[in-house]
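Visitor: Got a structure for you, questions after.
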Amino acid sequence: MVDWTQLFDFSRTALPQITLAVFIIGVVLRLAKWSSFGFPRVIRPPAKKRRLIGVIKNWSINMVPPWDLAGRVEPVGYIVGIAMHIACIAILLGAIHEAVAMRILELPSLPPQFRLPIIPDANIPTAFPRRALTYFVTPLFLSTLGSLILRRLYYNLKGGPLKALTVKSDWIAAPLLWASGFTGFLAVISFGPYTPILTLHLILTQLFIMYLPYSKLIHAATVFLVRTWSGFRRAIYGV
Amino acid sequence: MKNLDGYEIINMETCTRCGACANSCPAYIATKDNHAIPAWKGIEFRRLFNRQRGSLSAILGQRPVPRGWLRNISDRGLYLCSLCGRCMPGCVFTIQNLELWEKLRSIIFEAKEVSPNLMRVSESLEQKLNPYDYDPAERTSWVKELGPVDVKIGQKAETLYFVGCTSAYQEKKIASSTANILNKMNEDWSIFGLDEWCCGDPHIAVGDQDKARDYAQHNIEVASSLGAKRIITSCAHCYRMWQWKYPQLLGKRNDIEVLHITQYLKDCLESDRLRLEGVSGKVTYHDPCYLSRLGGIVNEPRSVISKAATDFVEMKERKFDTYCCGGGGMTEFVNKDLWTKIGDERFRQAKKTDPELLVSACPFCHRSLTQAAQRSSSNIQILDIAELVAKQLKD
C-alpha cells in the first residue's frame, strides 16, 4: 500500500530540490553547448528597415493568418496549437502552487493571489478568476493538447506526415504535460481522493520541469530567440 | 559539425516536429513523400549532431557517424528540396531552416555522399566554371547570337553586368534584353567576359562552401580590377549570392554596389530616363524565391510592371510567401521529376489569375515556367522582366 501522506510530503519538500537541481543542470548543459559553438557576427549589407520594427511585426501581425503562412495553410491546427499554448501560459501564471513555489523559490510566502488551496474549497483568490481558470481555461488546455497528441497518434497509425517526424521522446513530452494538467484539474475540482491526486500532480509537474531542458520542450525558451532573430532578418532584408 | 554556430544550433533545437512545415513545402506538396518534409531533415541533422556534439558525447566523447546514416539522408530526403526557404515562414516558430539545409548539404559533401547527379554539376563547375557543362569559351556567345553588337567585354566600366551562367548559356534572350536596356540608358557598362565565373550558388547547392568562397573571391577581384562601382545582375540567384552570401563567405561587406535589374529599372522609370509602351492584356508576376524571400526585393518588380501593364493581377502566393518554381537547389539536375512537378504546380497557381502574360525576374524561374507552360499546352506568354521592358521600350 502506498503511503500517500509520506509521498505527498516528499513531493513538496525533497522532490522540489531534486527538480531544481536537475533543471538547472539541464539548462547549464544546454547553454554550455550553445555557447561552445559561438555566435559569430553575420556580415550583411546594412538593414533596409529598423530591426525593432521587424521584431515587433514578427511578434504581432506576422503571427496572425493570413499574414502567417503556417496559419494560412493549416488554420485548424494552427488555432488549436495557439489556443493550447495560451491556455498553458494562463494556467502557469494563474496557478503557481504555494507548496512547490515556496520550496523552489525559497520565498517565505507568496502573495495570496498566487496561492491555490491545499485544502479543497478554501476561499483564497487566484491571479485569474478561479472559475474561468478551472472551468474554461483548463478544459481548453486539456482538449487542445489532447487533440495534438491524438493527431500525432492518428498519423502514426494511418501513415501520414507525422509518422516520419515522430521520435520516441515525442511520446513523453506532450503526454506528461497532459497528465500533469489533468491531475491538477482533478485536484482543483476535488474529484476523487484529494491527497493522492494532488501528489500525482506535484510529481508529474516536477518530472515535466526536470525533463524540459533535455527535450524539445526547450522550445519554450528558444522560441523567443528564434522568432526575434527572424524578425531581425526580415527587417534587414526589408521584407 | 565544426562549421555550425550557436544561432544554427538553437534554431535546430527549437523544432518540435509538429509537421506544420509540410503544408507549405513545395517539394512535399509535389511528391507527398514524408522525407521531403523539412522537419525530417531537421530530425536527421539532430541525430548527426547529437552523435558528435550531444550531451552524451560530452561524456562519452564524439562517436563516429555510421555511413548508413549519411547515405540515408542523401538518398531519401536531402535533395527532395529546392532550397526555396518556404519552410521558414511555413514554420510556426519561423525557424531559419535554409542555412541548416545548406550546412547539411555541406556535411554530406564532405562525407562524399552527394547525389551522383549533383556531383556531375560539381565536376562541370570545376572543369568549365559553369554548372551546365558548356564550353567556357562560349560564355559570351549570346552577344554574337542575339546582340547588341556593341557590348563591351572585359573592359573597365563603372557598371558591370554580371550575366550569370543560366542567362549566358540557356536563357540568352534575358542577357540580350538586359544589354539592350543598358545601352538605351547610355550606361558606361561592360560584361565580365570569359573572366566571369559562376556566382557560386550551385556550389552551395552541392555543399561545397569552400569552392563558393573561391568563386566569390575571384568574381569580386575581377570586378575590382575592371574598376566597377556597381554590379547589375538579371538573375535572382546571382543577386542573392552577390548581395547576401558574398559578404558572409568572404567575411567583409562588398565595396561594390549590387543591384538586381528590377532595382535599376525602377530607378530609371522613376527618374523618367526610361519610358515604356503599355502592354495589353492581364499580366501577373511570379516572385522568384531567391529575389523576394531570400533577396529582399518585392516592390521593385511591381513598380516596373505597373508602368507597362494596366491590368496587373497578383497571385495568391506572392512576395515573402512566394511559391517555388522548382528551379533552386539545382533540382532540375538532381531530380528532374521533382523540378517538373513543382513547376507545374506553380504554373497552375499562375493560371488561376487567368493572365495573358506571366512575368518573372529570374532565368531559373523563366526556364521552369516556360517548360511548365509547354507541358500544359498553355497560351500564356512567359517573359522575364528584362525581356518585357526591352520589348516595350519607348523611343
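Chain identifiers are assigned as A, B, and so on, following the order in which chains appear in the C-alpha cells; residues are numbered from 1 within each chain, and ligands are numbered from 1 in order of appearance.
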Compile the contact shell of Gly164 in chain B as a PyMOL selection string: residues with an atom at most 9 Å away, counting only C-alpha atoms, same-chain residues fewer than 5 positions apart removed.

Guide: chain B and resi 130+169+175+196-199+233-235+237-238

Visitor: Next, dump the selected residues to file, keeping only C-alpha atoms, as a CSV table (one decimal), in the first residue's frame.

Guide:
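This is the output file selection_9.csv:
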```csv
chain,number,residue,atom,x,y,z
B,130,ASN,CA,29.6,26.7,-65.1
B,169,TYR,CA,24.2,29.7,-71.8
B,175,ALA,CA,21.1,38.6,-71.3
B,196,GLU,CA,33.1,35.6,-65.3
B,197,TRP,CA,32.9,32.5,-63.2
B,198,CYS,CA,29.7,31.0,-61.9
B,199,CYS,CA,28.3,33.1,-59.0
B,233,THR,CA,22.5,41.2,-62.5
B,234,SER,CA,19.3,39.8,-64.1
B,235,CYS,CA,19.4,36.5,-62.1
B,237,HIS,CA,20.4,33.5,-57.7
B,238,CYS,CA,23.3,35.6,-58.7
```

Visitor: Could you give me, as a ChimeraX atom specification, the residues within 8 Å of range 213-230 of chain B, counting only C-alpha atoms and dropping anything in the same chain fewer than 5 positions from it?

Guide: /B:154-160,192,195-200,242,246,249-250,255-259

Visitor: How would the residues just chosen look if you wrote them out with C-alpha atoms as a short mmCIF file (atom, residue, chain, number, x, y, z; two decimals), in the first residue's frame?

Guide:
```cif
data_model
loop_
_atom_site.label_atom_id
_atom_site.label_comp_id
_atom_site.auth_asym_id
_atom_site.auth_seq_id
_atom_site.Cartn_x
_atom_site.Cartn_y
_atom_site.Cartn_z
CA GLY B 154 36.00 42.52 -70.10
CA GLN B 155 36.68 46.24 -70.25
CA LYS B 156 36.85 48.77 -67.48
CA ALA B 157 33.49 50.34 -66.70
CA GLU B 158 31.58 51.85 -63.81
CA THR B 159 28.77 49.35 -64.22
CA LEU B 160 29.38 45.67 -64.75
CA PHE B 192 32.98 40.34 -67.27
CA ASP B 195 36.62 36.01 -66.66
CA GLU B 196 33.11 35.63 -65.29
CA TRP B 197 32.89 32.50 -63.18
CA CYS B 198 29.69 31.03 -61.88
CA CYS B 199 28.34 33.10 -58.95
CA GLY B 200 28.75 30.06 -56.70
CA TRP B 242 26.49 38.81 -54.57
CA TYR B 246 29.49 37.03 -50.69
CA LEU B 249 31.61 33.92 -47.34
CA LEU B 250 34.37 36.50 -47.50
CA ASP B 255 32.71 47.61 -51.66
CA ILE B 256 30.73 47.42 -54.86
CA GLU B 257 27.02 48.21 -55.03
CA VAL B 258 24.92 45.25 -56.13
CA LEU B 259 21.63 45.73 -57.95
#
```

Visitor: Neighbours of range 26-36 of chain A within 12 Å (only C-alpha atoms; same-chain residues fewer than 4 positions away dropped), as a VMD selection string?

Guide: (chain A and resid 19 to 22 40 209 to 219 221 to 222) or (chain B and resid 1 to 13 49 to 50 52 to 59)

Visitor: For the atom pair CA of Trp339 in chain B and CA of Ser177 in chain B, what is the interatomic distance in Å to one decimal place?

Guide: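 CA of Trp339 in chain B sits 26.2 Å away from CA of Ser177 in chain B.
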
Visitor: Using only C-alpha atoms, which of the listed residues (B:Ala308, B:Ala212, B:Ile95, B:Met330) sits closest to chain A?

Guide: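 Smallest distance to chain A is found for B:Ile95.
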
Visitor: Name the closest residue to chain B among the candidates A:Leu165, A:Ile172, A:Leu153, A:Ile86; distances are taken between atoms, counting only C-alpha atoms.

Guide: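 Comparing A:Leu165, A:Ile172, A:Leu153, A:Ile86 against chain B, the winner is A:Leu165.
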
Visitor: What lies within 10 Å of Cys88 in chain A using only C-alpha atoms, ignoring chain neighbours under 3 positions off, as a PDB file with C-alpha atoms, in the first residue's frame?

Guide:
```
ATOM      1  CA  ILE A  82      -2.054  28.686 -30.344  1.00  0.00           C
ATOM      2  CA  ALA A  83      -5.038  28.051 -28.038  1.00  0.00           C
ATOM      3  CA  MET A  84      -3.111  25.278 -26.274  1.00  0.00           C
ATOM      4  CA  HIS A  85      -0.092  27.498 -25.666  1.00  0.00           C
ATOM      5  CA  ILE A  91      -2.558  28.186 -16.142  1.00  0.00           C
ATOM      6  CA  LEU A  92       1.126  28.555 -15.254  1.00  0.00           C
ATOM      7  CA  LEU A  93       0.749  32.244 -14.440  1.00  0.00           C
ATOM      8  CA  GLY A  94      -2.553  31.873 -12.659  1.00  0.00           C
ATOM      9  CA  VAL A 137      -9.026  27.591 -19.484  1.00  0.00           C
ATOM     10  CA  THR A 138      -8.017  24.199 -18.120  1.00  0.00           C
ATOM     11  CA  LEU A 140      -9.444  24.212 -23.205  1.00  0.00           C
ATOM     12  CA  PHE A 141      -5.820  23.351 -22.495  1.00  0.00           C
ATOM     13  CA  LEU A 142      -6.552  19.656 -21.968  1.00  0.00           C
ATOM     14  CA  LEU A 145      -3.213  19.391 -26.121  1.00  0.00           C
ATOM     15  CA  LEU A 177       2.240  17.686 -19.763  1.00  0.00           C
ATOM     16  CA  GLY A 181      -2.652  19.269 -16.303  1.00  0.00           C
TER      17      GLY A 181
END
```

Visitor: Which residues are near Leu98 in chain B? Cut-off 9 Å, only C-alpha atoms, ignore same chain within fewer than 3 positions. Put them as a ChimeraX atom specification.

Guide: /B:83-88,95,101-103

Visitor: Given only C-alpha atoms as the basis, pick out the residue of A:Leu150, A:Ala14, A:Val226, A:Val2 nearest to chain B.

Guide: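 Between A:Leu150, A:Ala14, A:Val226, A:Val2, the residue approaching chain B most closely is A:Val226.
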